[in-house]
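Trainee: Handing over protein-v9.txt, compact mmCIF, C-alpha atoms.
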```txt
# COMPACT_ATOMS: atom_id res chain seq x y z
CA MET J 5 -3.67 36.72 -14.45
CA TYR J 6 -1.70 33.95 -16.13
CA ALA J 7 -1.91 30.57 -14.47
CA PRO J 8 -0.15 27.33 -15.45
CA VAL J 9 -2.32 24.57 -16.85
CA LEU J 10 -1.59 20.87 -16.46
CA GLU J 11 -2.90 18.75 -19.31
CA ILE J 12 -3.26 15.01 -18.77
CA ASP J 13 -3.63 12.76 -21.79
CA THR J 14 -5.91 10.04 -20.45
CA ARG J 15 -5.32 7.95 -23.58
CA LYS J 16 -1.66 7.61 -22.57
CA VAL J 17 -2.64 6.87 -18.98
CA ARG J 18 -4.98 4.13 -20.23
CA GLU J 19 -2.28 2.61 -22.44
CA ASN J 20 0.43 2.77 -19.78
CA ALA J 21 -1.96 1.28 -17.22
CA ARG J 22 -2.83 -1.53 -19.61
CA ARG J 23 0.83 -2.33 -20.29
CA LEU J 24 1.89 -2.23 -16.64
CA HIS J 25 -1.19 -4.15 -15.49
CA THR J 26 -0.46 -6.88 -18.04
CA PHE J 27 3.27 -6.88 -17.30
CA CYS J 28 2.73 -7.26 -13.55
CA GLY J 29 -0.24 -9.62 -13.81
CA GLU J 30 1.68 -12.09 -15.98
CA ARG J 31 4.22 -12.28 -13.17
CA GLY J 32 1.70 -12.74 -10.37
CA VAL J 33 2.01 -9.19 -9.02
CA GLU J 34 -0.91 -6.88 -8.22
CA LEU J 35 -0.37 -3.27 -9.25
CA ALA J 36 -1.75 -0.72 -6.78
CA PHE J 37 -1.98 2.51 -8.79
CA VAL J 38 -0.84 5.45 -6.62
CA THR J 39 -3.08 8.46 -7.31
CA LYS J 40 -1.55 11.19 -5.13
CA GLY J 41 0.47 12.64 -8.04
CA PHE J 42 -2.70 13.86 -9.76
CA SER J 43 -4.86 14.41 -6.67
CA ALA J 44 -6.95 11.32 -7.52
CA ARG J 45 -8.76 13.02 -10.40
CA PRO J 46 -11.70 10.77 -11.37
CA GLU J 47 -11.00 11.14 -15.11
CA VAL J 48 -7.51 9.70 -14.67
CA ILE J 49 -8.73 6.92 -12.40
CA ARG J 50 -11.36 5.93 -14.96
CA ALA J 51 -8.69 5.80 -17.65
CA ALA J 52 -6.58 3.51 -15.44
CA MET J 53 -9.61 1.31 -14.80
CA GLU J 54 -10.12 0.99 -18.55
CA GLY J 55 -6.52 -0.20 -18.65
CA GLY J 56 -7.36 -2.98 -16.19
CA ILE J 57 -6.32 -1.46 -12.86
CA THR J 58 -8.52 -2.60 -9.95
CA CYS J 59 -6.55 -1.43 -6.90
CA PHE J 60 -5.67 2.18 -6.07
CA ALA J 61 -3.52 3.77 -3.38
CA ASP J 62 -3.03 7.23 -1.93
CA SER J 63 -1.38 8.95 1.03
CA ARG J 64 -4.11 11.55 1.48
CA MET J 65 -7.47 10.66 2.98
CA LYS J 66 -9.14 13.61 1.22
CA ASN J 67 -8.10 12.12 -2.13
CA ILE J 68 -9.45 8.69 -1.21
CA ILE J 69 -12.74 10.15 -0.01
CA SER J 70 -13.29 12.32 -3.07
CA ALA J 71 -12.35 9.48 -5.45
CA LYS J 72 -14.67 6.97 -3.79
CA ARG J 73 -17.51 9.48 -3.76
CA ALA J 74 -17.03 10.09 -7.47
CA ILE J 75 -16.56 6.41 -8.35
CA PRO J 76 -18.29 4.13 -5.82
CA GLY J 77 -16.77 0.69 -5.35
CA LEU J 78 -13.12 1.64 -5.74
CA LYS J 79 -10.65 -0.48 -3.76
CA TYR J 80 -8.24 1.88 -1.98
CA LEU J 81 -5.09 1.32 0.07
CA LEU J 82 -3.96 4.12 2.41
CA ILE J 83 -0.17 4.29 1.99
CA ARG J 84 0.56 6.68 4.84
CA VAL J 85 0.50 5.64 8.47
CA PRO J 86 -2.42 7.67 9.87
CA ALA J 87 -2.61 9.56 13.14
CA PRO J 88 -4.71 7.93 15.88
CA ASP J 89 -7.41 10.61 15.57
CA GLU J 90 -7.85 9.68 11.88
CA ALA J 91 -8.80 6.09 12.72
CA GLU J 92 -12.56 6.49 12.24
CA GLU J 93 -12.09 8.05 8.81
CA VAL J 94 -9.51 5.45 7.78
CA VAL J 95 -11.81 2.55 8.62
CA ARG J 96 -14.80 4.21 6.97
CA TRP J 97 -13.10 5.02 3.66
CA ALA J 98 -9.91 2.98 3.15
CA ASP J 99 -10.24 -0.70 2.31
CA TRP J 100 -6.87 -1.42 3.91
CA SER J 101 -3.92 0.57 5.21
CA LEU J 102 -0.19 0.53 5.84
CA GLN J 103 0.70 0.50 9.54
CA SER J 104 3.84 0.56 11.66
CA GLN J 105 2.86 1.87 15.11
CA ILE J 106 0.95 -0.22 17.63
CA GLU J 107 -0.76 2.86 19.10
CA VAL J 108 -2.30 3.61 15.71
CA ILE J 109 -3.16 -0.04 15.11
CA ARG J 110 -5.04 -0.11 18.42
CA ALA J 111 -6.95 3.06 17.48
CA VAL J 112 -7.86 1.59 14.09
CA SER J 113 -8.98 -1.65 15.75
CA GLU J 114 -11.25 0.20 18.16
CA ALA J 115 -12.70 2.31 15.34
CA ALA J 116 -13.35 -0.82 13.28
CA LEU J 117 -15.18 -2.49 16.16
CA ARG J 118 -17.37 0.60 16.57
CA GLN J 119 -18.21 0.43 12.87
CA GLY J 120 -18.81 -3.31 12.92
CA LYS J 121 -15.83 -4.05 10.67
CA VAL J 122 -12.48 -5.78 10.62
CA HIS J 123 -9.90 -3.56 8.93
CA PRO J 124 -7.08 -5.26 6.97
CA ILE J 125 -3.57 -3.86 7.56
CA ILE J 126 -0.14 -4.22 5.98
CA LEU J 127 2.70 -3.95 8.50
CA MET J 128 5.66 -1.96 7.19
CA ILE J 129 9.10 -3.50 7.65
CA ASP J 130 12.21 -1.31 7.55
CA VAL J 131 14.95 -2.74 5.33
CA GLY J 132 17.33 0.21 5.50
CA ASP J 133 15.32 3.14 4.12
CA LEU J 134 14.83 4.52 7.66
CA ARG J 135 11.50 6.03 6.67
CA GLU J 136 9.02 3.97 8.63
CA GLY J 137 8.49 0.44 9.77
CA VAL J 138 9.36 -2.28 12.24
CA PHE J 139 13.09 -2.89 12.68
CA GLY J 140 14.17 -6.52 12.88
CA ARG J 141 12.72 -9.72 14.28
CA GLU J 142 13.11 -8.66 17.90
CA GLN J 143 10.77 -5.70 17.47
CA LEU J 144 8.48 -7.89 15.38
CA ASP J 145 8.22 -10.36 18.26
CA GLU J 146 7.18 -7.46 20.45
CA ILE J 147 4.48 -6.07 18.18
CA ALA J 148 3.01 -9.30 16.75
CA PRO J 149 1.24 -10.47 19.95
CA GLN J 150 -0.13 -6.95 20.42
CA ILE J 151 -1.62 -7.01 16.91
CA LYS J 152 -3.12 -10.41 17.74
CA ALA J 153 -4.84 -8.75 20.69
CA CYS J 154 -6.55 -6.19 18.41
CA PRO J 155 -9.76 -7.88 17.18
CA GLY J 156 -10.73 -5.01 14.89
CA VAL J 157 -7.77 -5.43 12.56
CA GLU J 158 -6.44 -8.31 10.48
CA LEU J 159 -2.78 -8.50 9.54
CA VAL J 160 -2.95 -9.50 5.87
CA GLY J 161 0.38 -8.28 4.57
CA LEU J 162 3.91 -7.02 5.03
CA GLY J 163 5.38 -4.14 3.10
CA THR J 164 8.53 -2.14 2.65
CA ASN J 165 9.43 1.27 1.34
CA VAL J 166 12.68 1.91 -0.53
CA GLY J 167 13.97 4.53 -2.91
CA CYS J 168 12.77 7.55 -0.90
CA TYR J 169 15.53 8.15 1.64
CA GLY J 170 19.15 7.23 2.27
CA SER J 171 19.85 6.01 -1.30
CA ILE J 172 18.47 2.57 -0.42
CA LEU J 173 17.19 0.89 -3.57
CA PRO J 174 15.24 -2.36 -3.86
CA SER J 175 17.37 -5.48 -4.13
CA VAL J 176 16.91 -9.23 -4.04
CA GLU J 177 18.24 -9.21 -0.47
CA ASN J 178 16.06 -6.51 1.06
CA THR J 179 12.86 -7.71 -0.64
CA GLN J 180 13.57 -11.33 0.31
CA ILE J 181 13.33 -10.18 3.95
CA LEU J 182 9.56 -9.82 3.51
CA VAL J 183 9.23 -13.43 2.36
CA GLU J 184 11.23 -14.71 5.33
CA LEU J 185 9.29 -12.62 7.86
CA ARG J 186 5.95 -13.66 6.37
CA ASP J 187 6.85 -17.31 6.87
CA TYR J 188 8.10 -16.61 10.39
CA LEU J 189 4.95 -14.73 11.45
CA ASN J 190 2.58 -17.26 9.90
CA GLU J 191 4.34 -20.19 11.53
CA THR J 192 5.08 -18.59 14.91
CA TYR J 193 1.96 -16.53 15.56
CA GLY J 194 -0.66 -18.13 13.32
CA PHE J 195 -1.22 -15.16 11.04
CA CYS J 196 -2.46 -15.67 7.49
CA ILE J 197 -0.31 -13.12 5.67
CA THR J 198 -0.85 -13.31 1.92
CA THR J 199 0.19 -9.89 0.58
CA LEU J 200 3.83 -8.84 0.29
CA SER J 201 4.04 -5.24 -0.89
CA GLY J 202 7.58 -4.99 -2.20
CA GLY J 203 7.92 -1.30 -2.92
CA SER J 204 7.09 1.18 -5.64
CA THR J 205 8.03 2.06 -9.22
CA CYS J 206 11.74 1.51 -8.52
CA THR J 207 11.05 -2.19 -7.81
CA LEU J 208 9.79 -2.73 -11.37
CA GLY J 209 13.42 -3.20 -12.43
CA LEU J 210 13.72 -6.37 -10.34
CA LEU J 211 10.47 -7.66 -11.80
CA GLU J 212 11.66 -6.95 -15.33
CA ALA J 213 14.98 -8.67 -14.67
CA GLY J 214 13.19 -11.70 -13.25
CA THR J 215 14.97 -11.39 -9.90
CA LEU J 216 12.10 -10.24 -7.68
CA PRO J 217 11.82 -12.91 -4.97
CA ALA J 218 8.90 -15.29 -5.32
CA GLY J 219 6.15 -14.27 -2.95
CA ILE J 220 6.36 -10.51 -3.55
CA ASN J 221 2.92 -10.01 -5.04
CA GLN J 222 2.14 -6.30 -4.84
CA LEU J 223 3.82 -3.09 -6.02
CA ARG J 224 2.59 0.44 -5.29
CA VAL J 225 3.21 2.27 -8.55
CA GLY J 226 2.58 5.92 -9.36
CA ALA J 227 5.42 7.37 -11.44
CA GLY J 228 5.63 4.18 -13.49
```
Render the structure in this file as structure tokens.
Mentor:
Amino acid sequence: MYAPVLEIDTRKVRENARRLHTFCGERGVELAFVTKGFSARPEVIRAAMEGGITCFADSRMKNIISAKRAIPGLKYLLIRVPAPDEAEEVVRWADWSLQSQIEVIRAVSEAALRQGKVHPIILMIDVGDLREGVFGREQLDEIAPQIKACPGVELVGLGTNVGCYGSILPSVENTQILVELRDYLNETYGFCITTLSGGSTCTLGLLEAGTLPAGINQLRVGAG
């Protein structure tokens, strides 16, 4: 029976990774290479590593687990808010994760304490995409003290997702929101937020144009 075959030229992956890694690095932005589009195949990950990539991201725990088993020491960001019953697995395998629901954050905190860890999280902020995230400063004031009360997690970053729903594209205005909220949370609640994850491949245009707000220091790039 005929079956389609997908061929991946790892030389091109290596070269593209090198160019993007250099492009982002020269502008103070970490590139988290999203691996879900090729099911986190180790051969492709190794090619990206040869191009200088040090941080990887995926929405599927099975991809993260298989990749880290094949290549020990990988740094992986879970870019899907997990279900509460996935908390143990998330803490065990993901080095950090995107979060937006306090119930899940509590479950991750409890799992981390059981495993003797503190799990870093990036809180997702909605800027109009309506996909996931905390809406506005009022809701942020509600969730921030609750995160503070979760000793098994550490709020290290804020993130946003654009370009997936509702025709909302990244702009100077909606990415600047992350910078303003980082300053507000650090000053008001004593967090030490250092990572601002300003979107995905579609945000590269702002970086290229030199208009990405200062402080945005991570992009989650797959298609790029």
Trainee: For a quick check of understanding, using all atoms listed in the file, which of J:Pro149, J:Pro76, J:Gly29, J:Gly194 has the smallest distance to J:Arg50?
Mentor: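 Among J:Pro149, J:Pro76, J:Gly29, J:Gly194, it is J:Pro76 that comes nearest to J:Arg50.
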Trainee: To box stretch 10-24 of chain J, take all atoms listed in the file, fit an axis-aligned box, add 3 Å on each side, and give centre and edge lengths in Å to one decimal, as JSON.
Mentor:
```
{"center_x": -2.0, "center_y": 9.3, "center_z": -20.0, "size_x": 13.8, "size_y": 29.2, "size_z": 13.1}
```
Trainee: Mind checking which residues fall within 10 Å of J:Glu158, counting all atoms listed in the file, ignoring those fewer than 3 positions away in the same chain, and posting them as a ChimeraX atom specification?
Mentor: /J:100,113,122-126,151-152,154-155,161,195-197
Trainee: Please produce an output containing C-alpha atoms for each residue in the selection, written as a PDB file, keeping the file's coordinate frame.
Mentor:
```
ATOM      1  CA  TRP J 100      -6.870  -1.420   3.910  1.00  0.00           C
ATOM      2  CA  SER J 113      -8.980  -1.650  15.750  1.00  0.00           C
ATOM      3  CA  VAL J 122     -12.480  -5.780  10.620  1.00  0.00           C
ATOM      4  CA  HIS J 123      -9.900  -3.560   8.930  1.00  0.00           C
ATOM      5  CA  PRO J 124      -7.080  -5.260   6.970  1.00  0.00           C
ATOM      6  CA  ILE J 125      -3.570  -3.860   7.560  1.00  0.00           C
ATOM      7  CA  ILE J 126      -0.140  -4.220   5.980  1.00  0.00           C
ATOM      8  CA  ILE J 151      -1.620  -7.010  16.910  1.00  0.00           C
ATOM      9  CA  LYS J 152      -3.120 -10.410  17.740  1.00  0.00           C
ATOM     10  CA  CYS J 154      -6.550  -6.190  18.410  1.00  0.00           C
ATOM     11  CA  PRO J 155      -9.760  -7.880  17.180  1.00  0.00           C
ATOM     12  CA  GLY J 161       0.380  -8.280   4.570  1.00  0.00           C
ATOM     13  CA  PHE J 195      -1.220 -15.160  11.040  1.00  0.00           C
ATOM     14  CA  CYS J 196      -2.460 -15.670   7.490  1.00  0.00           C
ATOM     15  CA  ILE J 197      -0.310 -13.120   5.670  1.00  0.00           C
TER      16      ILE J 197
END
```
Trainee: Excluding J:Glu177 and residues on its chain fewer than 6 positions from it, collect all residues at most 12 Å away from it, counting only C-alpha atoms, and give them as a list in words.
Mentor: Val131, Gly132, Val183, Glu184, Gly202, Leu210, Thr215, Leu216 and Pro217 of chain J
Trainee: Just the residues within 10 Å of J:Val95, please, counting only C-alpha atoms, with nothing from its chain fewer than 5 positions along; format it as JSON, numbers by chain.
Mentor: {"J": [90, 100, 101, 112, 113, 114, 115, 116, 117, 118, 119, 121, 122, 123, 124, 156, 157]}
Trainee: Name the closest residue to J:Asp13 among the candidates J:Leu78, J:Ala111, J:Val48, J:Leu189; distances are taken between atoms, counting all atoms listed in the file.
Mentor: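 Ranking J:Leu78, J:Ala111, J:Val48, J:Leu189 by distance to J:Asp13, first place goes to J:Val48.
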Trainee: With all atoms listed in the file as the basis for distance, which of J:Leu81, J:Leu24, J:Ala36, J:Ala91 is at the shortest distance from J:Gly55?
Mentor: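 The closest residue to J:Gly55 is J:Leu24.
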Trainee: For J:Thr58, please output as an NGL selection string all residues within 12 Å (counting all atoms listed in the file; exclusion window: fewer than 5 positions along the same chain).
Mentor: :J and (21-22 or 25 or 29 or 34-38 or 49-53 or 77-81)
Trainee: Using only C-alpha atoms - which residues lie no farther than 12 Å from the point (9.8, -15.5, -0.9) in the file's frame? Write them as a list in words.
Mentor: Leu162, Val176, Glu177, Asn178, Thr179, Gln180, Ile181, Leu182, Val183, Glu184, Leu185, Arg186, Asp187, Tyr188, Thr198, Thr199, Leu200, Ser201, Gly202, Thr215, Leu216, Pro217, Ala218, Gly219, Ile220 and Asn221 of chain J
Trainee: Atom CA of J:Gln222 and atom CA of J:Ile57, how far apart in Å?
Mentor: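 Separation between atom CA of J:Ile57 and atom CA of J:Gln222: 12.6 Å.
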Trainee: Would you mind reading off the distance between atom CA of J:Leu10 and atom CA of J:Ser70, one decimal, in Å?
Mentor: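 We find that atom CA of J:Leu10 and atom CA of J:Ser70 lie 19.7 Å from each other.
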Trainee: When distances are computed from only C-alpha atoms, which of J:Glu54, J:Asp99, J:Glu11, J:Glu47 shows the smallest separation from J:Ile69?
Mentor: J:Asp99
Trainee: Between atom CA of J:Ile83 and atom CA of J:Ala153, what is the spacing in Å?
Mentor: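 So the answer is 23.3 Å.
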Trainee: Need the shell around J:Gln103: protein/DNA/RNA residues with any atom at most 9 Å away, counting all atoms listed in the file. Skip same-chain ones fewer than 6 positions apart. Format as JSON, numbers by chain?
Mentor: {"J": [83, 84, 85, 86, 109, 125, 126, 127, 128, 137]}
Trainee: Between J:Met65, J:Cys59, J:Gly226, J:Glu212, which one has atoms that come closest to J:Glu93, using all atoms listed in the file?
Mentor: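 For J:Glu93, the nearest of the given residues is J:Met65.
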Trainee: Is it possible to add all heavy atoms to stretch 71-82 of chain J and hand it back as a PDB file, keeping the file's coordinate frame?
Mentor:
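So selection15.pdb came out as:
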```pdb
ATOM      1  N   ALA J  71     -12.343  10.471  -4.371  1.00  0.00           N
ATOM      2  CA  ALA J  71     -12.350   9.480  -5.450  1.00  0.00           C
ATOM      3  C   ALA J  71     -13.468   8.460  -5.263  1.00  0.00           C
ATOM      4  O   ALA J  71     -14.185   8.112  -6.223  1.00  0.00           O
ATOM      5  CB  ALA J  71     -11.001   8.784  -5.528  1.00  0.00           C
ATOM      6  N   LYS J  72     -13.645   7.988  -4.033  1.00  0.00           N
ATOM      7  CA  LYS J  72     -14.670   6.970  -3.790  1.00  0.00           C
ATOM      8  C   LYS J  72     -16.078   7.553  -3.868  1.00  0.00           C
ATOM      9  O   LYS J  72     -17.039   6.841  -4.182  1.00  0.00           O
ATOM     10  CB  LYS J  72     -14.424   6.288  -2.442  1.00  0.00           C
ATOM     11  CG  LYS J  72     -13.110   5.501  -2.417  1.00  0.00           C
ATOM     12  CD  LYS J  72     -12.952   4.665  -1.174  1.00  0.00           C
ATOM     13  CE  LYS J  72     -13.713   3.365  -1.301  1.00  0.00           C
ATOM     14  NZ  LYS J  72     -13.349   2.395  -0.252  1.00  0.00           N
ATOM     15  N   ARG J  73     -16.208   8.832  -3.573  1.00  0.00           N
ATOM     16  CA  ARG J  73     -17.510   9.480  -3.760  1.00  0.00           C
ATOM     17  C   ARG J  73     -17.843   9.624  -5.239  1.00  0.00           C
ATOM     18  O   ARG J  73     -18.994   9.480  -5.652  1.00  0.00           O
ATOM     19  CB  ARG J  73     -17.525  10.829  -3.065  1.00  0.00           C
ATOM     20  CG  ARG J  73     -17.735  10.745  -1.552  1.00  0.00           C
ATOM     21  CD  ARG J  73     -17.643  12.102  -0.891  1.00  0.00           C
ATOM     22  NE  ARG J  73     -18.056  12.038   0.509  1.00  0.00           N
ATOM     23  CZ  ARG J  73     -17.784  12.969   1.422  1.00  0.00           C
ATOM     24  NH1 ARG J  73     -17.079  14.063   1.070  1.00  0.00           N
ATOM     25  NH2 ARG J  73     -18.191  12.824   2.674  1.00  0.00           N
ATOM     26  N   ALA J  74     -16.813   9.910  -6.036  1.00  0.00           N
ATOM     27  CA  ALA J  74     -17.030  10.090  -7.470  1.00  0.00           C
ATOM     28  C   ALA J  74     -17.214   8.754  -8.187  1.00  0.00           C
ATOM     29  O   ALA J  74     -17.985   8.657  -9.149  1.00  0.00           O
ATOM     30  CB  ALA J  74     -15.844  10.846  -8.081  1.00  0.00           C
ATOM     31  N   ILE J  75     -16.501   7.727  -7.709  1.00  0.00           N
ATOM     32  CA  ILE J  75     -16.560   6.410  -8.350  1.00  0.00           C
ATOM     33  C   ILE J  75     -16.775   5.368  -7.255  1.00  0.00           C
ATOM     34  O   ILE J  75     -15.819   4.803  -6.711  1.00  0.00           O
ATOM     35  CB  ILE J  75     -15.257   6.102  -9.122  1.00  0.00           C
ATOM     36  CG1 ILE J  75     -14.892   7.260 -10.064  1.00  0.00           C
ATOM     37  CG2 ILE J  75     -15.402   4.799  -9.915  1.00  0.00           C
ATOM     38  CD1 ILE J  75     -13.553   7.095 -10.747  1.00  0.00           C
ATOM     39  N   PRO J  76     -18.014   5.102  -6.884  1.00  0.00           N
ATOM     40  CA  PRO J  76     -18.290   4.130  -5.820  1.00  0.00           C
ATOM     41  C   PRO J  76     -17.733   2.745  -6.175  1.00  0.00           C
ATOM     42  O   PRO J  76     -17.715   2.342  -7.333  1.00  0.00           O
ATOM     43  CB  PRO J  76     -19.816   4.113  -5.748  1.00  0.00           C
ATOM     44  CG  PRO J  76     -20.237   5.438  -6.315  1.00  0.00           C
ATOM     45  CD  PRO J  76     -19.242   5.748  -7.379  1.00  0.00           C
ATOM     46  N   GLY J  77     -17.256   2.049  -5.151  1.00  0.00           N
ATOM     47  CA  GLY J  77     -16.770   0.690  -5.350  1.00  0.00           C
ATOM     48  C   GLY J  77     -15.281   0.567  -5.561  1.00  0.00           C
ATOM     49  O   GLY J  77     -14.763  -0.542  -5.698  1.00  0.00           O
ATOM     50  N   LEU J  78     -14.567   1.707  -5.592  1.00  0.00           N
ATOM     51  CA  LEU J  78     -13.120   1.640  -5.740  1.00  0.00           C
ATOM     52  C   LEU J  78     -12.480   0.931  -4.549  1.00  0.00           C
ATOM     53  O   LEU J  78     -12.917   1.083  -3.413  1.00  0.00           O
ATOM     54  CB  LEU J  78     -12.519   3.040  -5.845  1.00  0.00           C
ATOM     55  CG  LEU J  78     -12.777   3.843  -7.126  1.00  0.00           C
ATOM     56  CD1 LEU J  78     -12.117   5.215  -7.005  1.00  0.00           C
ATOM     57  CD2 LEU J  78     -12.254   3.117  -8.349  1.00  0.00           C
ATOM     58  N   LYS J  79     -11.435   0.153  -4.815  1.00  0.00           N
ATOM     59  CA  LYS J  79     -10.650  -0.480  -3.760  1.00  0.00           C
ATOM     60  C   LYS J  79      -9.436   0.401  -3.503  1.00  0.00           C
ATOM     61  O   LYS J  79      -8.622   0.623  -4.413  1.00  0.00           O
ATOM     62  CB  LYS J  79     -10.215  -1.884  -4.189  1.00  0.00           C
ATOM     63  CG  LYS J  79      -9.343  -2.613  -3.177  1.00  0.00           C
ATOM     64  CD  LYS J  79      -8.875  -3.952  -3.748  1.00  0.00           C
ATOM     65  CE  LYS J  79      -7.961  -4.687  -2.777  1.00  0.00           C
ATOM     66  NZ  LYS J  79      -7.440  -5.948  -3.354  1.00  0.00           N
ATOM     67  N   TYR J  80      -9.295   0.914  -2.275  1.00  0.00           N
ATOM     68  CA  TYR J  80      -8.240   1.880  -1.980  1.00  0.00           C
ATOM     69  C   TYR J  80      -7.382   1.446  -0.790  1.00  0.00           C
ATOM     70  O   TYR J  80      -7.900   1.054   0.257  1.00  0.00           O
ATOM     71  CB  TYR J  80      -8.834   3.254  -1.678  1.00  0.00           C
ATOM     72  CG  TYR J  80      -8.518   4.283  -2.752  1.00  0.00           C
ATOM     73  CD1 TYR J  80      -9.478   4.665  -3.671  1.00  0.00           C
ATOM     74  CD2 TYR J  80      -7.253   4.858  -2.840  1.00  0.00           C
ATOM     75  CE1 TYR J  80      -9.196   5.610  -4.666  1.00  0.00           C
ATOM     76  CE2 TYR J  80      -6.964   5.797  -3.808  1.00  0.00           C
ATOM     77  CZ  TYR J  80      -7.924   6.171  -4.714  1.00  0.00           C
ATOM     78  OH  TYR J  80      -7.635   7.101  -5.689  1.00  0.00           O
ATOM     79  N   LEU J  81      -6.067   1.573  -0.978  1.00  0.00           N
ATOM     80  CA  LEU J  81      -5.090   1.320   0.070  1.00  0.00           C
ATOM     81  C   LEU J  81      -4.528   2.661   0.542  1.00  0.00           C
ATOM     82  O   LEU J  81      -4.046   3.455  -0.269  1.00  0.00           O
ATOM     83  CB  LEU J  81      -3.944   0.454  -0.479  1.00  0.00           C
ATOM     84  CG  LEU J  81      -2.670   0.318   0.363  1.00  0.00           C
ATOM     85  CD1 LEU J  81      -2.946  -0.425   1.661  1.00  0.00           C
ATOM     86  CD2 LEU J  81      -1.574  -0.387  -0.441  1.00  0.00           C
ATOM     87  N   LEU J  82      -4.587   2.933   1.851  1.00  0.00           N
ATOM     88  CA  LEU J  82      -3.960   4.120   2.410  1.00  0.00           C
ATOM     89  C   LEU J  82      -2.489   3.827   2.618  1.00  0.00           C
ATOM     90  O   LEU J  82      -2.127   2.924   3.375  1.00  0.00           O
ATOM     91  CB  LEU J  82      -4.615   4.502   3.740  1.00  0.00           C
ATOM     92  CG  LEU J  82      -3.971   5.690   4.475  1.00  0.00           C
ATOM     93  CD1 LEU J  82      -4.096   6.979   3.662  1.00  0.00           C
ATOM     94  CD2 LEU J  82      -4.577   5.866   5.860  1.00  0.00           C
TER      95      LEU J  82
END
```
